[in-house]
Amino acid sequence: MQVHAHGVFEASRGFMANKKKAEIPKAASGSVVRDMSDDPQAENYMVVARRYRPQTFIDLVGQEQVAKALRNAIERDRVGHAYLFTGARGVGKTSTARIFAKCLNCVHGPTDSPCGQCDLCQAVAQGEDVDVLEIDGASNRGIDEIRQLRANVSVRPSRARYKIYIIDEVHMLTKEAFNALLKTLEEPPAHVKFFFCTTDPEKIPITVRSRCQRFDLPPISTAQIRDRLRHIAQQDAVDIDDDALDILARRANGSMRDSQSLLEQLFAFCGNKIRSADVHALLGTADSAMVLQILKACVNRDAHSALQRIAEAIDGGVDAGQLDEQLLNLYRDMMALRVGCGEQQVLHCHSADIAEMRELVKLTSLEQILAAIEILDNSLIRMKHSAHLRTLLEAAVLRICSLPELQQIANLIEQLRLGGGAASVRPSASVVKESVSKPTPTTPAAADSAKKKTDLNDPSEQAELDIRRAEPPRSVPPAQIENDASNSLHEVSNQGSPRGSALLELTDDTCEYVWQSVLQQIDDMTSDIASMYESFRLEEHRLVVMMKDVYHRDACQRNERKQRLERALSQVVGKHVVLDFQALSQPTVAAATVKSKETRIQKIRRYEKHPFVQQALELFEGEIADVIQSPDN
């Protein structure tokens, strides 16, 4: 009866086709208008992603571990009732489920190598088998669809060995639908198998995930995508060069389907000969040499050259967002090279440009590379909500070119936060010598006064000493201090950490400067705690650090923290020095009274004389609104 109905359907279809042919009108020129529905080529053409879809586990590219696990399960007769395939788009989740279904239902199976020739294998490959049902979870996500599925589960397969449900994007099902599926999923009939595919497994309830065997399909490597695309081009008799294949493989970001879709576009765009310039023209990307020139200008802080290269690229048809992403990818490769990774970790840079990239890496620091990556990433995010793409890209590049100046500002602000001491920004040797060393008394009265001011047991004199310590030494002219400080800021931005500079000599006069150099190498809480010092005393191979209070002394005396400070000190001075932390006596009421006598206006006038404060006010074109004293001071 089914055959008879099928024959009647085919006969009526042929009758309607003949009727259409008889009614075809003639064109004005007298020729017959062509009916495209009768063109076999128009009906049978299939896109690359479908034509070259893997049909066996051997053809499955980049998922060898998943294929091995499923083949072993078939060989050892340990096939479960529910499987969950997760991964990004285009990595082979649905293809894996179809291949697994063919292995189980093949007439020669269950087998790990389906024949692909029987009716069952061909029907599954085309998605037309009545016993292998592919369900779209996004459009069949309600509880009614799941209830219908539960009602059909008990019906045995019509001609195959198993009834298999492949639910794509299963995470789109509603909560009620998942709850309705739980019992059936846990104890289905022996002839039923569930294959779930999803790009977001975390949205699936844990009660469902725990009932499935989960397989995570990783992104496909660039080399495997490139080899697959080359094979497809050879099968279609298309001449494509290696540079074009590299661009397509990197552009796919681990998705085989994305790469094949791009290749399909190039087939239509270029014909039988594809070159890298054609790929750039289609994708709106810039040539690798052009992006490298922009990167070189950013590293050399040549803003004019960088903007000129950007203008040339955009005028040539390059998309600003694509150029931003290409520049971000090159900075990513610079980061990998900067930390010592090999060429196998370089993902985006052309192999011929790696040598030049290594030279650029020597001219910049890791901090500047990370800052550039953050700037370019933020600009990409802003481009999604703005129509001024070129402006955002140019602004991002200008920020990158001005990173060294930004580092100087950060150093200056950090110095002011630490209390305005000249040693906190690593001033030049002349300033260190004048600011750290004590002035030599010229008269007996001055000598007695200096002796009193260095007596830490006198709270009133200690308060006055704190005020004088914040001011520049009178023996050095203010202009000279400001010039030396500017030079030291320039040295900090060019030289980086003390590790790359010469070893420092630890003496009674340079203790504070050496200690600040040690703290610059430590960026966590240890540096903040160790900065709460008052004075130093050098005893042979032992440095005594007087802390402000008992709390900070005990914190620095902890074994792990003390050993870390000693290691950093040894790197700065070139020899092992033992640290000893001691606490000053608690300030008395007299000291607090002396400090409280200074009014707000007096504090502002006093700090306005400080050279570093003057430099900050000039740099930011501001004024001091108030002076807030640290609670520990």
# chains A, B, ... in the order shown; residues from 1 in each chain; ligands from 1
$ select_by_dssp --residues "segment 134-173 of chain A" --states "strand (DSSP E or B)" --output "VMD selection string"
chain A and resid 134 to 136 163 to 168
$ residues_around --residues "Arg257 of chain A" --least-positions-apart "2" --cutoff "7 Å" --atoms "only C-alpha atoms" --output "JSON, numbers by chain"
{"A": [49, 90, 255, 259, 260, 261]}
$ residues_around --residues "segment 211-215 of chain A" --least-positions-apart "3" --cutoff "12 Å" --atoms "only C-alpha atoms" --output "mmCIF file with N, CA and C atoms, in the first residue's frame"
data_model
loop_
_atom_site.group_PDB
_atom_site.id
_atom_site.type_symbol
_atom_site.label_atom_id
_atom_site.label_comp_id
_atom_site.auth_asym_id
_atom_site.auth_seq_id
_atom_site.Cartn_x
_atom_site.Cartn_y
_atom_site.Cartn_z
ATOM 1 N N GLN A 63 39.329 15.709 16.455
ATOM 2 C CA GLN A 63 38.617 15.127 17.604
ATOM 3 C C GLN A 63 39.008 13.666 17.776
ATOM 4 N N GLU A 64 40.289 13.386 17.696
ATOM 5 C CA GLU A 64 40.757 11.999 17.740
ATOM 6 C C GLU A 64 40.432 11.328 19.068
ATOM 7 N N GLN A 65 40.516 12.091 20.174
ATOM 8 C CA GLN A 65 40.276 11.476 21.481
ATOM 9 C C GLN A 65 38.807 11.076 21.637
ATOM 10 N N VAL A 66 37.898 11.901 21.112
ATOM 11 C CA VAL A 66 36.472 11.565 21.189
ATOM 12 C C VAL A 66 36.169 10.361 20.304
ATOM 13 N N ALA A 67 36.727 10.349 19.095
ATOM 14 C CA ALA A 67 36.508 9.223 18.184
ATOM 15 C C ALA A 67 37.043 7.924 18.771
ATOM 16 N N LYS A 68 38.190 7.990 19.421
ATOM 17 C CA LYS A 68 38.763 6.780 20.010
ATOM 18 C C LYS A 68 37.878 6.232 21.127
ATOM 19 N N ALA A 69 37.360 7.141 21.977
ATOM 20 C CA ALA A 69 36.503 6.699 23.083
ATOM 21 C C ALA A 69 35.223 6.049 22.567
ATOM 22 N N LEU A 70 34.604 6.623 21.555
ATOM 23 C CA LEU A 70 33.353 6.064 21.033
ATOM 24 C C LEU A 70 33.599 4.744 20.295
ATOM 25 N N ALA A 73 34.032 2.073 22.836
ATOM 26 C CA ALA A 73 32.759 1.698 23.455
ATOM 27 C C ALA A 73 31.988 0.723 22.567
ATOM 28 N N ARG A 78 30.042 -1.446 25.210
ATOM 29 C CA ARG A 78 29.774 -0.627 26.394
ATOM 30 C C ARG A 78 29.146 0.713 25.980
ATOM 31 N N VAL A 79 28.192 0.656 25.069
ATOM 32 C CA VAL A 79 27.534 1.868 24.580
ATOM 33 C C VAL A 79 26.465 2.292 25.578
ATOM 34 N N GLY A 80 26.538 3.548 26.003
ATOM 35 C CA GLY A 80 25.559 4.064 26.948
ATOM 36 C C GLY A 80 24.263 4.461 26.263
ATOM 37 N N HIS A 81 23.320 4.944 27.072
ATOM 38 C CA HIS A 81 22.016 5.315 26.531
ATOM 39 C C HIS A 81 21.897 6.812 26.270
ATOM 40 N N ALA A 82 22.830 7.630 26.793
ATOM 41 C CA ALA A 82 22.738 9.080 26.605
ATOM 42 C C ALA A 82 24.149 9.660 26.531
ATOM 43 N N TYR A 83 24.371 10.507 25.530
ATOM 44 C CA TYR A 83 25.671 11.143 25.333
ATOM 45 C C TYR A 83 25.460 12.645 25.157
ATOM 46 N N LEU A 84 26.410 13.418 25.678
ATOM 47 C CA LEU A 84 26.373 14.877 25.578
ATOM 48 C C LEU A 84 27.661 15.343 24.902
ATOM 49 N N PHE A 85 27.546 15.968 23.732
ATOM 50 C CA PHE A 85 28.690 16.481 22.985
ATOM 51 C C PHE A 85 28.682 18.003 23.087
ATOM 52 N N THR A 86 29.730 18.558 23.665
ATOM 53 C CA THR A 86 29.811 19.994 23.880
ATOM 54 C C THR A 86 31.021 20.556 23.149
ATOM 55 N N GLY A 87 30.973 21.849 22.870
ATOM 56 C CA GLY A 87 32.076 22.513 22.194
ATOM 57 C C GLY A 87 31.598 23.740 21.456
ATOM 58 N N GLY A 92 32.334 19.908 15.154
ATOM 59 C CA GLY A 92 31.957 18.547 14.808
ATOM 60 C C GLY A 92 31.036 17.842 15.776
ATOM 61 N N LYS A 93 30.228 18.561 16.528
ATOM 62 C CA LYS A 93 29.349 17.925 17.506
ATOM 63 C C LYS A 93 28.258 17.108 16.805
ATOM 64 N N THR A 96 29.677 14.200 14.801
ATOM 65 C CA THR A 96 30.025 13.071 15.664
ATOM 66 C C THR A 96 28.786 12.258 16.028
ATOM 67 N N ALA A 97 27.686 12.945 16.343
ATOM 68 C CA ALA A 97 26.448 12.239 16.682
ATOM 69 C C ALA A 97 25.931 11.436 15.489
ATOM 70 N N PHE A 178 13.015 19.997 30.444
ATOM 71 C CA PHE A 178 14.079 19.166 31.019
ATOM 72 C C PHE A 178 13.522 18.275 32.126
ATOM 73 N N LEU A 181 11.770 15.343 30.809
ATOM 74 C CA LEU A 181 12.634 14.380 30.138
ATOM 75 C C LEU A 181 13.464 13.541 31.105
ATOM 76 N N LEU A 182 13.531 13.946 32.359
ATOM 77 C CA LEU A 182 14.464 13.329 33.297
ATOM 78 C C LEU A 182 14.266 11.817 33.419
ATOM 79 N N LYS A 183 13.057 11.389 33.709
ATOM 80 C CA LYS A 183 12.819 9.970 33.969
ATOM 81 C C LYS A 183 13.093 9.129 32.725
ATOM 82 N N THR A 184 12.636 9.619 31.585
ATOM 83 C CA THR A 184 12.882 8.882 30.336
ATOM 84 C C THR A 184 14.372 8.835 30.026
ATOM 85 N N LEU A 185 15.073 9.910 30.328
ATOM 86 C CA LEU A 185 16.504 9.955 30.039
ATOM 87 C C LEU A 185 17.279 9.013 30.944
ATOM 88 N N GLU A 186 16.810 8.822 32.163
ATOM 89 C CA GLU A 186 17.542 7.954 33.094
ATOM 90 C C GLU A 186 17.309 6.478 32.805
ATOM 91 N N GLU A 187 16.089 6.112 32.449
ATOM 92 C CA GLU A 187 15.770 4.699 32.207
ATOM 93 C C GLU A 187 14.994 4.563 30.903
ATOM 94 N N PRO A 188 15.641 4.803 29.758
ATOM 95 C CA PRO A 188 14.923 4.667 28.483
ATOM 96 C C PRO A 188 14.819 3.201 28.096
ATOM 97 N N LYS A 193 18.407 5.590 22.132
ATOM 98 C CA LYS A 193 19.635 6.292 22.486
ATOM 99 C C LYS A 193 19.401 7.798 22.328
ATOM 100 N N PHE A 194 19.984 8.568 23.227
ATOM 101 C CA PHE A 194 19.891 10.030 23.185
ATOM 102 C C PHE A 194 21.279 10.612 22.943
ATOM 103 N N PHE A 195 21.399 11.468 21.920
ATOM 104 C CA PHE A 195 22.628 12.187 21.640
ATOM 105 C C PHE A 195 22.312 13.686 21.711
ATOM 106 N N PHE A 196 22.895 14.367 22.700
ATOM 107 C CA PHE A 196 22.659 15.796 22.888
ATOM 108 C C PHE A 196 23.881 16.583 22.410
ATOM 109 N N CYS A 197 23.634 17.690 21.730
ATOM 110 C CA CYS A 197 24.700 18.578 21.256
ATOM 111 C C CYS A 197 24.408 19.993 21.759
ATOM 112 N N THR A 198 25.437 20.682 22.243
ATOM 113 C CA THR A 198 25.238 22.025 22.776
ATOM 114 C C THR A 198 26.537 22.810 22.747
ATOM 115 N N THR A 199 26.401 24.127 22.609
ATOM 116 C CA THR A 199 27.536 25.032 22.724
ATOM 117 C C THR A 199 27.634 25.664 24.103
ATOM 118 N N PRO A 201 27.039 24.090 27.704
ATOM 119 C CA PRO A 201 26.594 23.014 28.604
ATOM 120 C C PRO A 201 26.217 23.490 29.995
ATOM 121 N N ILE A 204 22.543 23.625 30.906
ATOM 122 C CA ILE A 204 21.806 22.367 31.061
ATOM 123 C C ILE A 204 21.763 22.015 32.545
ATOM 124 N N PRO A 205 20.634 21.669 33.094
ATOM 125 C CA PRO A 205 20.572 21.314 34.518
ATOM 126 C C PRO A 205 21.530 20.175 34.851
ATOM 127 N N ILE A 206 22.077 20.237 36.018
ATOM 128 C CA ILE A 206 23.037 19.216 36.448
ATOM 129 C C ILE A 206 22.385 17.844 36.527
ATOM 130 N N THR A 207 21.081 17.811 36.756
ATOM 131 C CA THR A 207 20.386 16.524 36.803
ATOM 132 C C THR A 207 20.370 15.842 35.438
ATOM 133 N N VAL A 208 20.383 16.638 34.366
ATOM 134 C CA VAL A 208 20.449 16.073 33.021
ATOM 135 C C VAL A 208 21.877 15.701 32.668
ATOM 136 N N PRO A 218 37.268 20.000 21.637
ATOM 137 C CA PRO A 218 38.064 21.239 21.665
ATOM 138 C C PRO A 218 38.083 21.915 20.305
#
$ residues_around --residues "Leu120 of chain A" --least-positions-apart "4" --cutoff "12 Å" --atoms "only C-alpha atoms" --output "number ranges by chain"
A: 98-99, 101-109, 114-116, 124-132, 158-162
$ select_by_dssp --residues "segment 75-249 of chain A" --states "alpha helix (DSSP H)" --output "number ranges by chain"
A: 75, 93-105, 119-126, 143-153, 175-186, 206-209, 222-235, 242-249
$ residues_around --residues "Ala320 of chain A" --least-positions-apart "2" --cutoff "6 Å" --atoms "only C-alpha atoms" --output "VMD selection string"
chain A and resid 322 to 323 389 to 390
$ write_last_selection --atoms "N, CA and C atoms" --output "mmCIF file, in the first residue's frame"
data_model
loop_
_atom_site.group_PDB
_atom_site.id
_atom_site.type_symbol
_atom_site.label_atom_id
_atom_site.label_comp_id
_atom_site.auth_asym_id
_atom_site.auth_seq_id
_atom_site.Cartn_x
_atom_site.Cartn_y
_atom_site.Cartn_z
ATOM 1 N N GLN A 322 38.464 45.308 11.875
ATOM 2 C CA GLN A 322 39.343 44.194 11.531
ATOM 3 C C GLN A 322 40.802 44.558 11.772
ATOM 4 N N LEU A 323 41.177 45.789 11.456
ATOM 5 C CA LEU A 323 42.557 46.221 11.671
ATOM 6 C C LEU A 323 42.889 46.261 13.157
ATOM 7 N N LEU A 389 34.357 54.215 13.937
ATOM 8 C CA LEU A 389 35.331 53.148 14.144
ATOM 9 C C LEU A 389 36.748 53.647 13.941
ATOM 10 N N ARG A 390 36.958 54.428 12.895
ATOM 11 C CA ARG A 390 38.324 54.896 12.613
ATOM 12 C C ARG A 390 38.836 55.782 13.742
#
$ atom_distance --atom1 "atom CA of Ile164 of chain A" --atom2 "atom CA of Phe100 of chain A"
9.9 Å
$ residues_around --residues "Arg275 of chain A" --least-positions-apart "4" --cutoff "10 Å" --atoms "only C-alpha atoms" --output "list in words"
Asp239, Ile240, Asp241, Asp242, Asp243, Ala244, Leu245, Leu266, Cys270, Val279 and His280 of chain A
$ write_last_selection --atoms "C-alpha atoms" --output "compact mmCIF listing (two decimals), in the first residue's frame"
# COMPACT_ATOMS: atom_id res chain seq x y z
CA ASP A 239 44.51 26.85 -7.14
CA ILE A 240 44.98 28.50 -3.74
CA ASP A 241 48.33 29.59 -2.26
CA ASP A 242 49.59 28.82 1.24
CA ASP A 243 49.28 32.40 2.50
CA ALA A 244 45.57 32.43 1.66
CA LEU A 245 45.09 29.13 3.46
CA LEU A 266 36.19 32.69 -2.10
CA CYS A 270 37.67 34.43 -7.20
CA VAL A 279 41.27 36.93 0.91
CA HIS A 280 42.13 40.34 2.38
$ atom_distance --atom1 "atom CA of His304 of chain A" --atom2 "atom CA of Gln615 of chain A"
27.8 Å
$ atom_distance --atom1 "atom CA of His348 of chain A" --atom2 "atom CA of Leu330 of chain A"
6.4 Å
$ closest_residue --among "A:Met532, A:Leu506, A:Leu569, A:Leu173" --to "Gln520 of chain A" --atoms "only C-alpha atoms"
A:Leu569
